[in-house]
$ cat work-v8.cif   # mmCIF, C-alpha atoms
data_structure
loop_
_atom_site.group_PDB
_atom_site.id
_atom_site.type_symbol
_atom_site.label_atom_id
_atom_site.label_comp_id
_atom_site.auth_asym_id
_atom_site.auth_seq_id
_atom_site.Cartn_x
_atom_site.Cartn_y
_atom_site.Cartn_z
ATOM 1 C CA MET A 44 -16.926 -33.756 -5.417
ATOM 2 C CA ASP A 45 -16.748 -33.123 -9.174
ATOM 3 C CA CYS A 46 -17.893 -30.039 -11.082
ATOM 4 C CA ALA A 47 -21.207 -31.597 -12.012
ATOM 5 C CA GLU A 48 -22.039 -31.787 -8.308
ATOM 6 C CA ASN A 49 -20.424 -28.495 -7.276
ATOM 7 C CA CYS A 50 -20.717 -25.905 -10.047
ATOM 8 C CA PHE A 51 -23.350 -27.292 -12.368
ATOM 9 C CA SER A 52 -26.022 -28.002 -9.796
ATOM 10 C CA LYS A 53 -29.333 -26.526 -8.720
ATOM 11 C CA SER A 54 -27.631 -24.994 -5.679
ATOM 12 C CA HIS A 55 -25.145 -22.860 -7.652
ATOM 13 C CA PHE A 56 -26.172 -19.191 -7.828
ATOM 14 C CA LEU A 57 -25.772 -19.084 -11.623
ATOM 15 C CA PHE A 58 -26.552 -22.576 -12.861
ATOM 16 C CA LYS A 59 -29.608 -22.992 -10.623
ATOM 17 C CA HIS A 60 -31.550 -21.219 -13.371
ATOM 18 C CA LEU A 61 -30.906 -23.967 -15.928
ATOM 19 C CA THR A 62 -33.422 -26.639 -16.820
ATOM 20 C CA ASP A 63 -32.455 -30.293 -16.549
ATOM 21 C CA SER A 64 -31.866 -30.490 -20.299
ATOM 22 C CA GLU A 65 -29.702 -27.339 -20.203
ATOM 23 C CA LEU A 66 -27.673 -28.775 -17.332
ATOM 24 C CA ASP A 67 -27.216 -31.987 -19.326
ATOM 25 C CA LEU A 68 -26.025 -29.890 -22.295
ATOM 26 C CA ILE A 69 -23.416 -28.017 -20.284
ATOM 27 C CA ILE A 70 -22.216 -31.137 -18.449
ATOM 28 C CA SER A 71 -21.845 -33.071 -21.699
ATOM 29 C CA HIS A 72 -19.575 -30.346 -23.121
ATOM 30 C CA LYS A 73 -17.482 -29.533 -20.032
ATOM 31 C CA ASP A 74 -13.812 -30.423 -19.738
ATOM 32 C CA ASP A 75 -12.383 -31.147 -16.254
ATOM 33 C CA GLY A 76 -8.908 -29.920 -15.353
ATOM 34 C CA LEU A 77 -6.399 -30.293 -12.505
ATOM 35 C CA HIS A 78 -3.989 -27.375 -12.075
ATOM 36 C CA LYS A 79 -0.800 -27.201 -9.984
ATOM 37 C CA ARG A 80 0.416 -24.029 -8.269
ATOM 38 C CA GLY A 81 1.887 -21.708 -10.887
ATOM 39 C CA SER A 82 -0.275 -23.091 -13.722
ATOM 40 C CA VAL A 83 -1.931 -20.483 -15.933
ATOM 41 C CA LEU A 84 -5.505 -21.000 -17.139
ATOM 42 C CA TYR A 85 -5.354 -18.089 -19.576
ATOM 43 C CA ASN A 86 -3.073 -15.148 -20.297
ATOM 44 C CA GLU A 87 -3.811 -11.453 -20.587
ATOM 45 C CA GLY A 88 -4.096 -10.477 -24.242
ATOM 46 C CA ASN A 89 -5.124 -13.942 -25.432
ATOM 47 C CA ARG A 90 -8.541 -14.911 -26.716
ATOM 48 C CA ILE A 91 -10.583 -17.040 -24.339
ATOM 49 C CA LYS A 92 -12.913 -19.488 -26.013
ATOM 50 C CA GLY A 93 -14.850 -20.551 -22.918
ATOM 51 C CA ILE A 94 -15.470 -20.037 -19.205
ATOM 52 C CA TYR A 95 -13.969 -21.748 -16.168
ATOM 53 C CA CYS A 96 -15.933 -22.844 -13.114
ATOM 54 C CA ILE A 97 -13.549 -23.261 -10.175
ATOM 55 C CA ASN A 98 -14.287 -26.436 -8.245
ATOM 56 C CA SER A 99 -11.470 -26.261 -5.679
ATOM 57 C CA GLY A 100 -8.317 -24.292 -4.917
ATOM 58 C CA ILE A 101 -7.573 -20.591 -5.383
ATOM 59 C CA ILE A 102 -6.829 -18.632 -8.557
ATOM 60 C CA LYS A 103 -5.325 -15.147 -8.654
ATOM 61 C CA LEU A 104 -6.396 -12.737 -11.385
ATOM 62 C CA PHE A 105 -3.895 -10.024 -12.243
ATOM 63 C CA LYS A 106 -2.813 -7.474 -14.824
ATOM 64 C CA THR A 107 0.785 -6.888 -15.831
ATOM 65 C CA GLY A 108 2.160 -3.330 -15.899
ATOM 66 C CA VAL A 109 4.553 -1.871 -18.452
ATOM 67 C CA ASP A 110 7.392 -2.648 -16.030
ATOM 68 C CA GLY A 111 6.344 -6.303 -15.900
ATOM 69 C CA LYS A 112 5.041 -6.041 -12.334
ATOM 70 C CA GLU A 113 1.809 -7.821 -11.436
ATOM 71 C CA GLN A 114 -1.204 -6.016 -10.026
ATOM 72 C CA ILE A 115 -3.462 -8.610 -8.389
ATOM 73 C CA LEU A 116 -7.096 -7.606 -8.796
ATOM 74 C CA ARG A 117 -8.885 -10.429 -7.008
ATOM 75 C CA PHE A 118 -8.952 -14.117 -6.177
ATOM 76 C CA ALA A 119 -11.375 -16.788 -7.376
ATOM 77 C CA SER A 120 -12.199 -19.896 -5.351
ATOM 78 C CA ALA A 121 -14.632 -22.832 -5.366
ATOM 79 C CA GLY A 122 -17.908 -22.098 -7.122
ATOM 80 C CA GLU A 123 -16.711 -18.929 -8.881
ATOM 81 C CA ILE A 124 -16.735 -18.335 -12.627
ATOM 82 C CA ILE A 125 -13.848 -16.715 -14.506
ATOM 83 C CA GLY A 126 -13.226 -15.876 -18.148
ATOM 84 C CA TYR A 127 -16.852 -15.063 -18.915
ATOM 85 C CA ARG A 128 -16.272 -11.356 -19.599
ATOM 86 C CA SER A 129 -14.119 -12.094 -22.657
ATOM 87 C CA VAL A 130 -16.649 -14.643 -23.901
ATOM 88 C CA LEU A 131 -19.500 -12.137 -23.625
ATOM 89 C CA SER A 132 -17.599 -9.205 -25.131
ATOM 90 C CA SER A 133 -15.592 -11.191 -27.717
ATOM 91 C CA GLU A 134 -12.556 -9.230 -26.502
ATOM 92 C CA LEU A 135 -9.098 -10.458 -25.591
ATOM 93 C CA ALA A 136 -8.567 -11.411 -21.944
ATOM 94 C CA CYS A 137 -7.832 -8.338 -19.811
ATOM 95 C CA THR A 138 -6.250 -10.380 -16.992
ATOM 96 C CA THR A 139 -4.087 -13.440 -16.431
ATOM 97 C CA SER A 140 -5.378 -16.250 -14.200
ATOM 98 C CA GLU A 141 -2.750 -18.186 -12.247
ATOM 99 C CA VAL A 142 -3.172 -20.969 -9.693
ATOM 100 C CA ILE A 143 -1.822 -20.251 -6.195
ATOM 101 C CA ASN A 144 -3.396 -23.276 -4.438
ATOM 102 C CA GLU A 145 -3.748 -26.544 -6.377
ATOM 103 C CA SER A 146 -7.056 -26.248 -8.182
ATOM 104 C CA THR A 147 -9.626 -28.192 -10.161
ATOM 105 C CA SER A 148 -11.924 -26.554 -12.667
ATOM 106 C CA CYS A 149 -14.433 -27.190 -15.404
ATOM 107 C CA TYR A 150 -14.070 -25.529 -18.781
ATOM 108 C CA VAL A 151 -17.231 -24.852 -20.814
ATOM 109 C CA PRO A 152 -17.017 -23.732 -24.467
ATOM 110 C CA GLY A 153 -18.191 -20.190 -25.106
ATOM 111 C CA GLU A 154 -20.746 -21.189 -27.747
ATOM 112 C CA ILE A 155 -22.591 -23.258 -25.141
ATOM 113 C CA VAL A 156 -22.685 -20.280 -22.758
ATOM 114 C CA ILE A 157 -23.971 -17.978 -25.509
ATOM 115 C CA GLU A 158 -26.685 -20.499 -26.409
ATOM 116 C CA LEU A 159 -27.838 -20.592 -22.773
ATOM 117 C CA ILE A 160 -27.889 -16.789 -22.596
ATOM 118 C CA LYS A 161 -30.067 -16.571 -25.701
ATOM 119 C CA ASN A 162 -32.533 -19.220 -24.511
ATOM 120 C CA ASN A 163 -32.707 -18.641 -20.730
ATOM 121 C CA GLY A 164 -33.528 -15.129 -19.520
ATOM 122 C CA ASP A 165 -32.976 -15.892 -15.814
ATOM 123 C CA PHE A 166 -29.519 -17.289 -16.552
ATOM 124 C CA ALA A 167 -28.668 -14.231 -18.650
ATOM 125 C CA LEU A 168 -29.894 -11.859 -15.918
ATOM 126 C CA GLU A 169 -27.858 -13.620 -13.223
ATOM 127 C CA LEU A 170 -24.761 -13.427 -15.430
ATOM 128 C CA MET A 171 -25.354 -9.701 -15.956
ATOM 129 C CA GLN A 172 -25.765 -9.145 -12.197
ATOM 130 C CA MET A 173 -22.522 -11.048 -11.566
ATOM 131 C CA THR A 174 -20.777 -8.733 -14.040
ATOM 132 C CA CYS A 175 -22.174 -5.690 -12.226
ATOM 133 C CA ARG A 176 -20.990 -6.990 -8.850
ATOM 134 C CA GLU A 177 -17.471 -7.422 -10.194
ATOM 135 C CA LEU A 178 -17.570 -3.907 -11.633
ATOM 136 C CA GLY A 179 -18.605 -2.555 -8.237
ATOM 137 C CA GLU A 180 -15.727 -4.401 -6.566
ATOM 138 C CA ALA A 181 -13.316 -2.992 -9.145
ATOM 139 C CA ASN A 182 -14.561 0.542 -8.462
ATOM 140 C CA SER A 183 -14.058 0.047 -4.715
ATOM 141 C CA TYR A 184 -10.552 -1.257 -5.341
ATOM 142 C CA ILE A 185 -9.659 1.800 -7.434
ATOM 143 C CA THR A 186 -10.990 4.081 -4.693
ATOM 144 C CA ASP A 187 -8.902 2.297 -2.061
ATOM 145 C CA ILE A 188 -5.746 2.574 -4.161
ATOM 146 C CA ALA A 189 -6.345 6.302 -4.634
ATOM 147 C CA GLN A 190 -7.430 7.272 -1.121
ATOM 148 C CA LYS A 191 -5.877 4.864 1.386
ATOM 149 C CA THR A 192 -2.316 4.503 2.576
ATOM 150 C CA ALA A 193 -0.420 1.273 1.929
ATOM 151 C CA LYS A 194 -0.725 0.378 5.626
ATOM 152 C CA GLU A 195 -4.506 0.849 5.545
ATOM 153 C CA ARG A 196 -4.784 -1.239 2.390
ATOM 154 C CA LEU A 197 -2.658 -4.050 3.850
ATOM 155 C CA ALA A 198 -4.830 -4.189 6.967
ATOM 156 C CA GLU A 199 -7.957 -4.235 4.794
ATOM 157 C CA ILE A 200 -6.567 -6.996 2.561
ATOM 158 C CA LEU A 201 -5.696 -9.204 5.543
ATOM 159 C CA ILE A 202 -9.216 -8.827 6.930
ATOM 160 C CA HIS A 203 -10.693 -9.537 3.505
ATOM 161 C CA LEU A 204 -8.587 -12.692 3.132
ATOM 162 C CA LYS A 205 -9.798 -13.952 6.509
ATOM 163 C CA ASN A 206 -13.433 -13.207 5.670
ATOM 164 C CA GLU A 207 -13.242 -14.760 2.207
ATOM 165 C CA PHE A 208 -11.067 -17.830 2.786
ATOM 166 C CA GLY A 209 -11.324 -18.409 6.520
ATOM 167 C CA VAL A 210 -8.756 -19.902 8.900
ATOM 168 C CA ASP A 211 -7.562 -23.401 9.746
ATOM 169 C CA GLU A 212 -7.737 -25.201 13.106
ATOM 170 C CA ASN A 213 -4.839 -23.024 14.336
ATOM 171 C CA ASP A 214 -6.558 -19.781 13.258
ATOM 172 C CA VAL A 215 -4.006 -19.316 10.452
ATOM 173 C CA LEU A 216 -5.278 -17.848 7.173
ATOM 174 C CA LYS A 217 -6.121 -20.659 4.756
ATOM 175 C CA ILE A 218 -4.717 -18.682 1.848
ATOM 176 C CA SER A 219 -0.915 -18.557 1.824
ATOM 177 C CA LEU A 220 0.678 -15.699 -0.120
ATOM 178 C CA THR A 221 4.251 -14.621 -0.707
ATOM 179 C CA ARG A 222 5.363 -11.140 0.353
ATOM 180 C CA GLU A 223 5.533 -10.233 -3.332
ATOM 181 C CA GLU A 224 1.943 -11.364 -3.900
ATOM 182 C CA LEU A 225 0.770 -9.283 -0.935
ATOM 183 C CA ALA A 226 2.654 -6.318 -2.382
ATOM 184 C CA ASN A 227 0.973 -6.900 -5.743
ATOM 185 C CA ILE A 228 -2.469 -6.760 -4.111
ATOM 186 C CA VAL A 229 -1.771 -3.704 -1.988
ATOM 187 C CA GLY A 230 -0.006 -1.903 -4.815
ATOM 188 C CA THR A 231 3.308 -1.175 -3.136
ATOM 189 C CA ALA A 232 6.894 -2.430 -2.979
ATOM 190 C CA THR A 233 7.718 -5.820 -1.477
ATOM 191 C CA GLU A 234 10.123 -4.132 0.936
ATOM 192 C CA SER A 235 7.265 -1.972 2.243
ATOM 193 C CA ILE A 236 5.090 -5.048 2.847
ATOM 194 C CA ILE A 237 7.898 -6.747 4.786
ATOM 195 C CA ARG A 238 8.320 -3.634 6.945
ATOM 196 C CA MET A 239 4.584 -3.215 7.611
ATOM 197 C CA LEU A 240 4.100 -6.890 8.468
ATOM 198 C CA SER A 241 6.984 -6.586 10.919
ATOM 199 C CA GLU A 242 5.280 -3.547 12.487
ATOM 200 C CA PHE A 243 1.970 -5.416 12.782
ATOM 201 C CA LYS A 244 3.812 -8.318 14.392
ATOM 202 C CA GLN A 245 5.591 -6.050 16.892
ATOM 203 C CA GLU A 246 2.242 -4.450 17.756
ATOM 204 C CA LYS A 247 0.883 -7.983 18.381
ATOM 205 C CA LEU A 248 -1.754 -7.635 15.674
ATOM 206 C CA LEU A 249 -0.397 -10.647 13.776
ATOM 207 C CA GLU A 250 1.561 -13.825 14.336
ATOM 208 C CA ILE A 251 3.727 -14.646 11.329
ATOM 209 C CA LYS A 252 5.645 -17.826 10.486
ATOM 210 C CA GLY A 253 6.917 -17.802 6.926
ATOM 211 C CA ARG A 254 3.899 -17.358 4.658
ATOM 212 C CA ASN A 255 1.501 -18.355 7.432
ATOM 213 C CA ILE A 256 -0.342 -15.410 8.992
ATOM 214 C CA LYS A 257 -2.570 -15.475 12.064
ATOM 215 C CA ILE A 258 -4.635 -12.411 12.965
ATOM 216 C CA LEU A 259 -4.405 -11.820 16.725
ATOM 217 C CA ASP A 260 -6.247 -8.497 17.045
ATOM 218 C CA PHE A 261 -9.022 -8.248 14.446
ATOM 219 C CA SER A 262 -10.533 -5.107 15.981
ATOM 220 C CA SER A 263 -7.310 -3.070 15.916
ATOM 221 C CA LEU A 264 -6.511 -4.242 12.402
ATOM 222 C CA ASN A 265 -9.998 -3.199 11.320
ATOM 223 C CA ASN A 266 -9.492 0.257 12.847
ATOM 224 C CA ILE A 267 -6.246 0.666 10.887
ATOM 225 C CA SER A 268 -7.994 -0.346 7.657
ATOM 226 C CA ASN A 269 -10.731 2.305 7.964
ATOM 227 C CA SER A 270 -13.173 -0.312 6.676
ATOM 228 C CA PHE A 271 -16.598 -1.533 7.683
ATOM 229 C CA PHE A 272 -15.973 -5.306 7.915
#
$ encode --input "work-v8.cif" --output "structure tokens"
Amino acid sequence: MDCAENCFSKSHFLFKHLTDSELDLIISHKDDGLHKRGSVLYNEGNRIKGIYCINSGIIKLFKTGVDGKEQILRFASAGEIIGYRSVLSSELACTTSEVINESTSCYVPGEIVIELIKNNGDFALELMQMTCRELGEANSYITDIAQKTAKERLAEILIHLKNEFGVDENDVLKISLTREELANIVGTATESIIRMLSEFKQEKLLEIKGRNIKILDFSSLNNISNSFF
């Protein structure tokens, strides 16, 4: 399935507001891309000249601290839009986007997006609501970092990954992350993540084989996370 069928269709939450002629405009200007694991779509501090609609795969969005350590803020998967904040604000990118599962995307020039915003109120409103949702998620993330222990945050992240990306036929999380990447989401040292995963495994909450993680006791993990999943 290409981006014209996936992202730029009447079923997409954002592009459903476009008329047929507006859809034709955006499709005629899009640029398809295939990205291997480790590829970077854009870097923090650079100017982004368009938006990316993710068609398949998983992208991590992160900021880099003064010590060079990554802080993963969120993941983007099929159907999600990234890069639009910089296009709307005309500011430099505040995050880096890096592929963690082979991905395909469509790139749309910023001037096309701005033209659609000016001419289609429903499209503009949906884009504004999407921005507000992301802001709300960022506020929740900051609260978690400030108020929860690393163990609570790890449990919450594992539940979130299952809810967002699902599991395969063996009930293993479909998203595969390194220990360092998990540490960069939770906001702690890699050594701490290794220790906590080992504790969860000993308590029979998880089954772990390399980077593959299977949640065995969702209820207990949820209790540890102090969440409302």
$ closest_residue --input "work-v8.cif" --among "A:Ser132, A:Gly111, A:Ile70, A:Asn144" --to "Ser82 of chain A" --atoms "only C-alpha atoms"
A:Asn144
$ resolve_selection --input "work-v8.cif" --expression "the PyMOL selection byres ((chain A and resi 199) around 10)" --output "list in words"
Asp187, Lys191, Ala193, Lys194, Glu195, Arg196, Leu197, Ala198, Ile200, Leu201, Ile202, His203, Leu204, Val229, Leu264, Asn265, Asn266, Ile267, Ser268, Asn269, Ser270, Phe271 and Phe272 of chain A
$ resolve_selection --input "work-v8.cif" --expression "the PyMOL selection byres ((chain A and resi 114) around 9)" --output "ChimeraX atom specification"
/A:104-108,112-113,115-116,224,226-230
$ closest_residue --input "work-v8.cif" --among "A:Val130, A:Cys149, A:Ala121, A:Ile256" --to "Val210 of chain A" --atoms "all atoms listed in the file"
A:Ile256
$ residues_near_point --input "work-v8.cif" --point "(-6.5, -21.8, -21.2)" --cutoff "10 Å" --atoms "all atoms listed in the file" --output "JSON, numbers by chain"
{"A": [82, 83, 84, 85, 86, 89, 90, 91, 92, 93, 94, 95, 126, 139, 140, 150]}
$ resolve_selection --input "work-v8.cif" --expression "the PyMOL selection byres ((chain A and resi 167-175) around 10)" --output "list in words"
Phe56, Leu57, Phe58, Lys59, His60, Ile124, Tyr127, Arg128, Leu131, Val156, Ile157, Leu159, Ile160, Lys161, Asn162, Asn163, Gly164, Asp165, Phe166, Arg176, Glu177, Leu178, Gly179, Glu180 and Ala181 of chain A
$ write_last_selection --input "work-v8.cif" --atoms "C-alpha atoms" --output "PDB file, in the coordinates of the input"
ATOM      1  CA  PHE A  56     -26.172 -19.191  -7.828  1.00  0.00           C
ATOM      2  CA  LEU A  57     -25.772 -19.084 -11.623  1.00  0.00           C
ATOM      3  CA  PHE A  58     -26.552 -22.576 -12.861  1.00  0.00           C
ATOM      4  CA  LYS A  59     -29.608 -22.992 -10.623  1.00  0.00           C
ATOM      5  CA  HIS A  60     -31.550 -21.219 -13.371  1.00  0.00           C
ATOM      6  CA  ILE A 124     -16.735 -18.335 -12.627  1.00  0.00           C
ATOM      7  CA  TYR A 127     -16.852 -15.063 -18.915  1.00  0.00           C
ATOM      8  CA  ARG A 128     -16.272 -11.356 -19.599  1.00  0.00           C
ATOM      9  CA  LEU A 131     -19.500 -12.137 -23.625  1.00  0.00           C
ATOM     10  CA  VAL A 156     -22.685 -20.280 -22.758  1.00  0.00           C
ATOM     11  CA  ILE A 157     -23.971 -17.978 -25.509  1.00  0.00           C
ATOM     12  CA  LEU A 159     -27.838 -20.592 -22.773  1.00  0.00           C
ATOM     13  CA  ILE A 160     -27.889 -16.789 -22.596  1.00  0.00           C
ATOM     14  CA  LYS A 161     -30.067 -16.571 -25.701  1.00  0.00           C
ATOM     15  CA  ASN A 162     -32.533 -19.220 -24.511  1.00  0.00           C
ATOM     16  CA  ASN A 163     -32.707 -18.641 -20.730  1.00  0.00           C
ATOM     17  CA  GLY A 164     -33.528 -15.129 -19.520  1.00  0.00           C
ATOM     18  CA  ASP A 165     -32.976 -15.892 -15.814  1.00  0.00           C
ATOM     19  CA  PHE A 166     -29.519 -17.289 -16.552  1.00  0.00           C
ATOM     20  CA  ARG A 176     -20.990  -6.990  -8.850  1.00  0.00           C
ATOM     21  CA  GLU A 177     -17.471  -7.422 -10.194  1.00  0.00           C
ATOM     22  CA  LEU A 178     -17.570  -3.907 -11.633  1.00  0.00           C
ATOM     23  CA  GLY A 179     -18.605  -2.555  -8.237  1.00  0.00           C
ATOM     24  CA  GLU A 180     -15.727  -4.401  -6.566  1.00  0.00           C
ATOM     25  CA  ALA A 181     -13.316  -2.992  -9.145  1.00  0.00           C
TER      26      ALA A 181
END
$ atom_distance --input "work-v8.cif" --atom1 "atom CA of Asp110 of chain A" --atom2 "atom CA of Asn255 of chain A"
28.8 Å
$ closest_residue --input "work-v8.cif" --among "A:Ile143, A:Ser183, A:Ile102, A:Glu212" --to "Gly81 of chain A" --atoms "only C-alpha atoms"
A:Ile143
$ atom_distance --input "work-v8.cif" --atom1 "atom CA of Phe261 of chain A" --atom2 "atom CA of Leu248 of chain A"
7.4 Å
$ atom_distance --input "work-v8.cif" --atom1 "atom CA of Val109 of chain A" --atom2 "atom CA of Ala189 of chain A"
19.4 Å
$ axis_aligned_box --input "work-v8.cif" --around "segment 172-188 of chain A" --padding-each-side "3 Å" --output "lines of an AutoDock Vina configuration file"
center_x = -15.8
center_y = -3.5
center_z = -8.1
size_x = 26.0
size_y = 21.1
size_z = 18.0
$ closest_residue --input "work-v8.cif" --among "A:Lys257, A:Ser148, A:Val215, A:Thr192" --to "Met239 of chain A" --atoms "all atoms listed in the file"
A:Thr192
$ residues_around --input "work-v8.cif" --residues "Ile251 of chain A" --least-positions-apart "4" --cutoff "12 Å" --atoms "only C-alpha atoms" --output "PyMOL selection string"
chain A and resi 214-216+219-220+222+237+240-245+247+255-259
$ residues_around --input "work-v8.cif" --residues "Glu223 of chain A" --least-positions-apart "5" --cutoff "9 Å" --atoms "only C-alpha atoms" --output "NGL selection string"
:A and (228 or 232-234 or 236)
$ write_last_selection --input "work-v8.cif" --atoms "C-alpha atoms" --output "CSV table (one decimal), in the frame of the given file"
chain,number,residue,atom,x,y,z
A,228,ILE,CA,-2.5,-6.8,-4.1
A,232,ALA,CA,6.9,-2.4,-3.0
A,233,THR,CA,7.7,-5.8,-1.5
A,234,GLU,CA,10.1,-4.1,0.9
A,236,ILE,CA,5.1,-5.0,2.8
$ closest_residue --input "work-v8.cif" --among "A:Leu135, A:Ile125, A:Cys96, A:Val151" --to "His72 of chain A" --atoms "all atoms listed in the file"
A:Val151
$ closest_residue --input "work-v8.cif" --among "A:Ile188, A:Ser71, A:Glu250, A:Gly88" --to "Ala136 of chain A" --atoms "all atoms listed in the file"
A:Gly88
